[in-house]
Amino acid sequence: MLKQRLVTLGKLAIPVCLAMMVALPAAAESRMAVVDLRQALFSSNEARTFSEQLQREFAASEQEVRAAQDEARTLQERLQKDGAMMNERERDRLNAEFQQKVQEFNGLRQNLDQEVNSRKQAFLESARPEVDAAVKELMSEHDLDVILPTEAVVYVKPELNLTEQLLEKLNR
């Protein structure tokens, strides 16, 4: 029985080995490289300009969020420090004020985050055609069959990482 299984496995191993011998040279002939699209895009001059514009545009909103956070923190500290000495009515009023300030802070932070994320997403979508064109140029210049994202690769030789070249193309 064991001898019969070994013979059967041997018969299966030969076609598998032959298939691998044919497939490995074909894979070796494929020319590949990797790029870190996120790094290249967010390091580009256009992204830096966008980021600076975003910071200027939302500076007042960010200040408003910080102010609400500071007010809530002050109320909380006062409750912790003086709460034991306050009468129940005064402590309840201060606690309600604190809760209201926390809700205000959370609402402001959420609105700001949503708006910033929306603007970043719009930037990514508008930059997509330029990134795609730059990647296609790299493929042509280096006679590549495939460009993979760095996240999909465990290890790559440094000379196969074209992120810097992609960044140069995006900055033209």
# chains A, B, ... in the order shown; residues from 1 in each chain; ligands from 1

call {"tool": "residues_around", "arguments": {"residues": "region 117-128 of chain A", "least_positions_apart": "3", "cutoff": "9 Å", "atoms": "only C-alpha atoms", "output": "list in words"}}
result
Leu41, Glu46, Ala47, Phe50, Ser51, Leu54, Leu112, Asp113, Gln114, Val131, Asp132 and Ala133 of chain A

call {"tool": "write_last_selection", "arguments": {"atoms": "N, CA and C atoms", "output": "PDB file, in the first residue's frame"}}
result
ATOM      1  N   LEU A  41       3.602  60.676  -3.924  1.00  0.00           N
ATOM      2  CA  LEU A  41       2.554  61.682  -4.073  1.00  0.00           C
ATOM      3  C   LEU A  41       2.606  62.717  -2.953  1.00  0.00           C
ATOM      4  N   GLU A  46       3.466  69.605  -5.358  1.00  0.00           N
ATOM      5  CA  GLU A  46       2.023  69.906  -5.403  1.00  0.00           C
ATOM      6  C   GLU A  46       1.355  69.547  -4.076  1.00  0.00           C
ATOM      7  N   ALA A  47       1.729  68.411  -3.498  1.00  0.00           N
ATOM      8  CA  ALA A  47       1.147  67.983  -2.215  1.00  0.00           C
ATOM      9  C   ALA A  47       1.580  68.917  -1.097  1.00  0.00           C
ATOM     10  N   PHE A  50      -0.435  72.017  -1.410  1.00  0.00           N
ATOM     11  CA  PHE A  50      -1.798  71.713  -0.974  1.00  0.00           C
ATOM     12  C   PHE A  50      -1.871  71.666   0.549  1.00  0.00           C
ATOM     13  N   SER A  51      -0.913  71.021   1.172  1.00  0.00           N
ATOM     14  CA  SER A  51      -0.899  70.890   2.628  1.00  0.00           C
ATOM     15  C   SER A  51      -0.781  72.256   3.309  1.00  0.00           C
ATOM     16  N   LEU A  54      -4.067  74.025   2.963  1.00  0.00           N
ATOM     17  CA  LEU A  54      -5.037  73.426   3.874  1.00  0.00           C
ATOM     18  C   LEU A  54      -4.825  73.935   5.303  1.00  0.00           C
ATOM     19  N   LEU A 112     -14.349  69.285  11.497  1.00  0.00           N
ATOM     20  CA  LEU A 112     -13.059  69.655  10.929  1.00  0.00           C
ATOM     21  C   LEU A 112     -12.399  68.450  10.269  1.00  0.00           C
ATOM     22  N   ASP A 113     -12.387  67.322  10.951  1.00  0.00           N
ATOM     23  CA  ASP A 113     -11.779  66.109  10.393  1.00  0.00           C
ATOM     24  C   ASP A 113     -12.462  65.685   9.094  1.00  0.00           C
ATOM     25  N   GLN A 114     -13.783  65.751   9.063  1.00  0.00           N
ATOM     26  CA  GLN A 114     -14.526  65.369   7.861  1.00  0.00           C
ATOM     27  C   GLN A 114     -14.185  66.299   6.692  1.00  0.00           C
ATOM     28  N   VAL A 131      -0.341  60.926 -11.708  1.00  0.00           N
ATOM     29  CA  VAL A 131       0.417  59.794 -11.155  1.00  0.00           C
ATOM     30  C   VAL A 131       0.398  58.634 -12.138  1.00  0.00           C
ATOM     31  N   ASP A 132      -0.762  58.333 -12.701  1.00  0.00           N
ATOM     32  CA  ASP A 132      -0.862  57.240 -13.672  1.00  0.00           C
ATOM     33  C   ASP A 132       0.035  57.489 -14.882  1.00  0.00           C
ATOM     34  N   ALA A 133       0.043  58.725 -15.373  1.00  0.00           N
ATOM     35  CA  ALA A 133       0.887  59.052 -16.529  1.00  0.00           C
ATOM     36  C   ALA A 133       2.366  58.900 -16.183  1.00  0.00           C
TER      37      ALA A 133
END

call {"tool": "atom_distance", "arguments": {"atom1": "CA of Phe98 (chain A)", "atom2": "CA of Gln76 (chain A)"}}
result
6.5 Å

call {"tool": "atom_distance", "arguments": {"atom1": "CA of Ala33 (chain A)", "atom2": "CA of Glu130 (chain A)"}}
result
19.0 Å

call {"tool": "residues_around", "arguments": {"residues": "region 100-111 of chain A", "least_positions_apart": "5", "cutoff": "6 Å", "atoms": "only C-alpha atoms", "output": "list of chain:residue names"}}
result
A:Val65, A:Ala68, A:Gln69, A:Ala72

call {"tool": "residues_around", "arguments": {"residues": "Asp143 (chain A)", "least_positions_apart": "4", "cutoff": "12 Å", "atoms": "only C-alpha atoms", "output": "count of residues only"}}
result
11

call {"tool": "select_by_dssp", "arguments": {"residues": "chain A", "states": "alpha helix (DSSP H)", "output": "ChimeraX atom specification"}}
result
/A:2-29,37-43,45-57,59-82,88-141,163-170

call {"tool": "write_last_selection", "arguments": {"atoms": "C-alpha atoms", "output": "compact mmCIF listing (two decimals), in the first residue's frame"}}
result
# COMPACT_ATOMS: atom_id res chain seq x y z
CA LEU A 2 2.76 2.44 0.97
CA LYS A 3 4.80 1.48 -2.08
CA GLN A 4 1.76 2.12 -4.30
CA ARG A 5 1.27 5.64 -2.78
CA LEU A 6 4.94 6.47 -3.34
CA VAL A 7 4.70 5.40 -6.97
CA THR A 8 1.55 7.54 -7.39
CA LEU A 9 3.27 10.55 -5.76
CA GLY A 10 6.29 10.02 -8.00
CA LYS A 11 4.06 10.04 -11.08
CA LEU A 12 2.51 13.36 -9.92
CA ALA A 13 5.84 14.95 -9.02
CA ILE A 14 7.27 14.64 -12.53
CA PRO A 15 4.59 16.81 -14.24
CA VAL A 16 4.73 19.36 -11.40
CA CYS A 17 8.51 19.66 -11.70
CA LEU A 18 8.27 20.01 -15.48
CA ALA A 19 5.64 22.75 -15.12
CA MET A 20 7.84 24.62 -12.65
CA MET A 21 10.83 24.37 -14.98
CA VAL A 22 8.79 26.01 -17.72
CA ALA A 23 7.16 28.65 -15.47
CA LEU A 24 10.26 29.86 -13.62
CA PRO A 25 12.17 31.11 -16.68
CA ALA A 26 9.02 32.88 -17.88
CA ALA A 27 8.70 34.65 -14.52
CA ALA A 28 12.39 35.52 -14.56
CA GLU A 29 11.97 37.19 -17.95
CA LEU A 37 2.82 55.75 -4.58
CA ARG A 38 1.79 57.34 -1.28
CA GLN A 39 5.31 58.53 -0.45
CA ALA A 40 5.89 59.90 -3.93
CA LEU A 41 2.55 61.68 -4.07
CA PHE A 42 2.67 63.20 -0.59
CA SER A 43 6.32 64.24 -1.00
CA ASN A 45 5.73 69.83 -4.54
CA GLU A 46 2.02 69.91 -5.40
CA ALA A 47 1.15 67.98 -2.22
CA ARG A 48 3.30 70.28 -0.08
CA THR A 49 1.60 73.33 -1.55
CA PHE A 50 -1.80 71.71 -0.97
CA SER A 51 -0.90 70.89 2.63
CA GLU A 52 0.24 74.45 3.35
CA GLN A 53 -2.95 75.82 1.79
CA LEU A 54 -5.04 73.43 3.87
CA GLN A 55 -3.28 74.50 7.08
CA ARG A 56 -3.87 78.18 6.30
CA GLU A 57 -7.47 77.59 5.34
CA ALA A 59 -6.20 77.46 10.98
CA ALA A 60 -9.19 79.34 12.42
CA SER A 61 -11.23 76.13 12.75
CA GLU A 62 -8.30 74.35 14.38
CA GLN A 63 -7.95 77.23 16.85
CA GLU A 64 -11.67 77.02 17.65
CA VAL A 65 -11.33 73.27 18.33
CA ARG A 66 -8.32 73.86 20.60
CA ALA A 67 -10.18 76.59 22.48
CA ALA A 68 -13.16 74.28 23.12
CA GLN A 69 -10.77 71.56 24.27
CA ASP A 70 -8.98 73.94 26.64
CA GLU A 71 -12.27 75.17 28.09
CA ALA A 72 -13.45 71.60 28.68
CA ARG A 73 -10.13 70.72 30.31
CA THR A 74 -10.35 73.78 32.59
CA LEU A 75 -13.89 72.85 33.65
CA GLN A 76 -12.81 69.26 34.32
CA GLU A 77 -9.86 70.38 36.43
CA ARG A 78 -12.09 72.72 38.39
CA LEU A 79 -14.56 69.90 39.02
CA GLN A 80 -11.79 67.60 40.22
CA LYS A 81 -10.14 70.25 42.36
CA ASP A 82 -13.14 72.07 43.84
CA GLU A 88 -24.62 69.62 44.88
CA ARG A 89 -26.44 72.20 42.75
CA GLU A 90 -23.24 74.06 41.87
CA ARG A 91 -21.42 70.78 41.11
CA ASP A 92 -24.28 69.61 38.86
CA ARG A 93 -24.28 72.95 36.99
CA LEU A 94 -20.50 72.79 36.46
CA ASN A 95 -20.72 69.15 35.38
CA ALA A 96 -23.47 69.99 32.86
CA GLU A 97 -21.36 72.88 31.53
CA PHE A 98 -18.40 70.50 31.21
CA GLN A 99 -20.49 67.90 29.34
CA GLN A 100 -21.82 70.59 26.99
CA LYS A 101 -18.26 71.80 26.27
CA VAL A 102 -17.11 68.22 25.59
CA GLN A 103 -19.97 67.76 23.10
CA GLU A 104 -19.09 71.08 21.46
CA PHE A 105 -15.44 70.01 21.18
CA ASN A 106 -16.35 66.60 19.74
CA GLY A 107 -18.68 68.17 17.17
CA LEU A 108 -16.14 70.76 16.10
CA ARG A 109 -13.36 68.13 15.85
CA GLN A 110 -15.56 65.76 13.86
CA ASN A 111 -16.64 68.50 11.41
CA LEU A 112 -13.06 69.66 10.93
CA ASP A 113 -11.78 66.11 10.39
CA GLN A 114 -14.53 65.37 7.86
CA GLU A 115 -13.83 68.54 5.90
CA VAL A 116 -10.06 67.99 5.87
CA ASN A 117 -10.47 64.33 4.84
CA SER A 118 -12.89 65.34 2.10
CA ARG A 119 -10.40 67.87 0.73
CA LYS A 120 -7.54 65.35 0.89
CA GLN A 121 -9.64 62.80 -0.99
CA ALA A 122 -10.44 65.39 -3.67
CA PHE A 123 -6.71 66.14 -3.97
CA LEU A 124 -5.89 62.44 -4.39
CA GLU A 125 -8.56 62.05 -7.07
CA SER A 126 -7.34 65.11 -8.96
CA ALA A 127 -3.71 63.91 -8.81
CA ARG A 128 -4.53 60.39 -9.99
CA PRO A 129 -4.23 61.05 -13.77
CA GLU A 130 -0.83 62.69 -13.30
CA VAL A 131 0.42 59.79 -11.15
CA ASP A 132 -0.86 57.24 -13.67
CA ALA A 133 0.89 59.05 -16.53
CA ALA A 134 4.16 59.21 -14.59
CA VAL A 135 3.95 55.49 -13.78
CA LYS A 136 3.37 54.69 -17.47
CA GLU A 137 6.42 56.80 -18.37
CA LEU A 138 8.52 54.81 -15.91
CA MET A 139 7.27 51.56 -17.41
CA SER A 140 8.26 52.71 -20.90
CA GLU A 141 11.63 54.17 -19.88
CA THR A 163 9.87 55.88 -5.98
CA GLU A 164 12.45 58.68 -6.28
CA GLN A 165 12.16 58.68 -10.06
CA LEU A 166 8.37 58.83 -9.77
CA LEU A 167 8.69 61.79 -7.39
CA GLU A 168 10.95 63.57 -9.90
CA LYS A 169 8.36 63.08 -12.62
CA LEU A 170 5.57 64.39 -10.38

call {"tool": "select_by_dssp", "arguments": {"residues": "region 24-171 of chain A", "states": "strand (DSSP E)", "output": "ChimeraX atom specification"}}
result
/A:32-35,146-149

call {"tool": "atom_distance", "arguments": {"atom1": "CA of Lys157 (chain A)", "atom2": "CA of Arg172 (chain A)"}}
result
26.2 Å
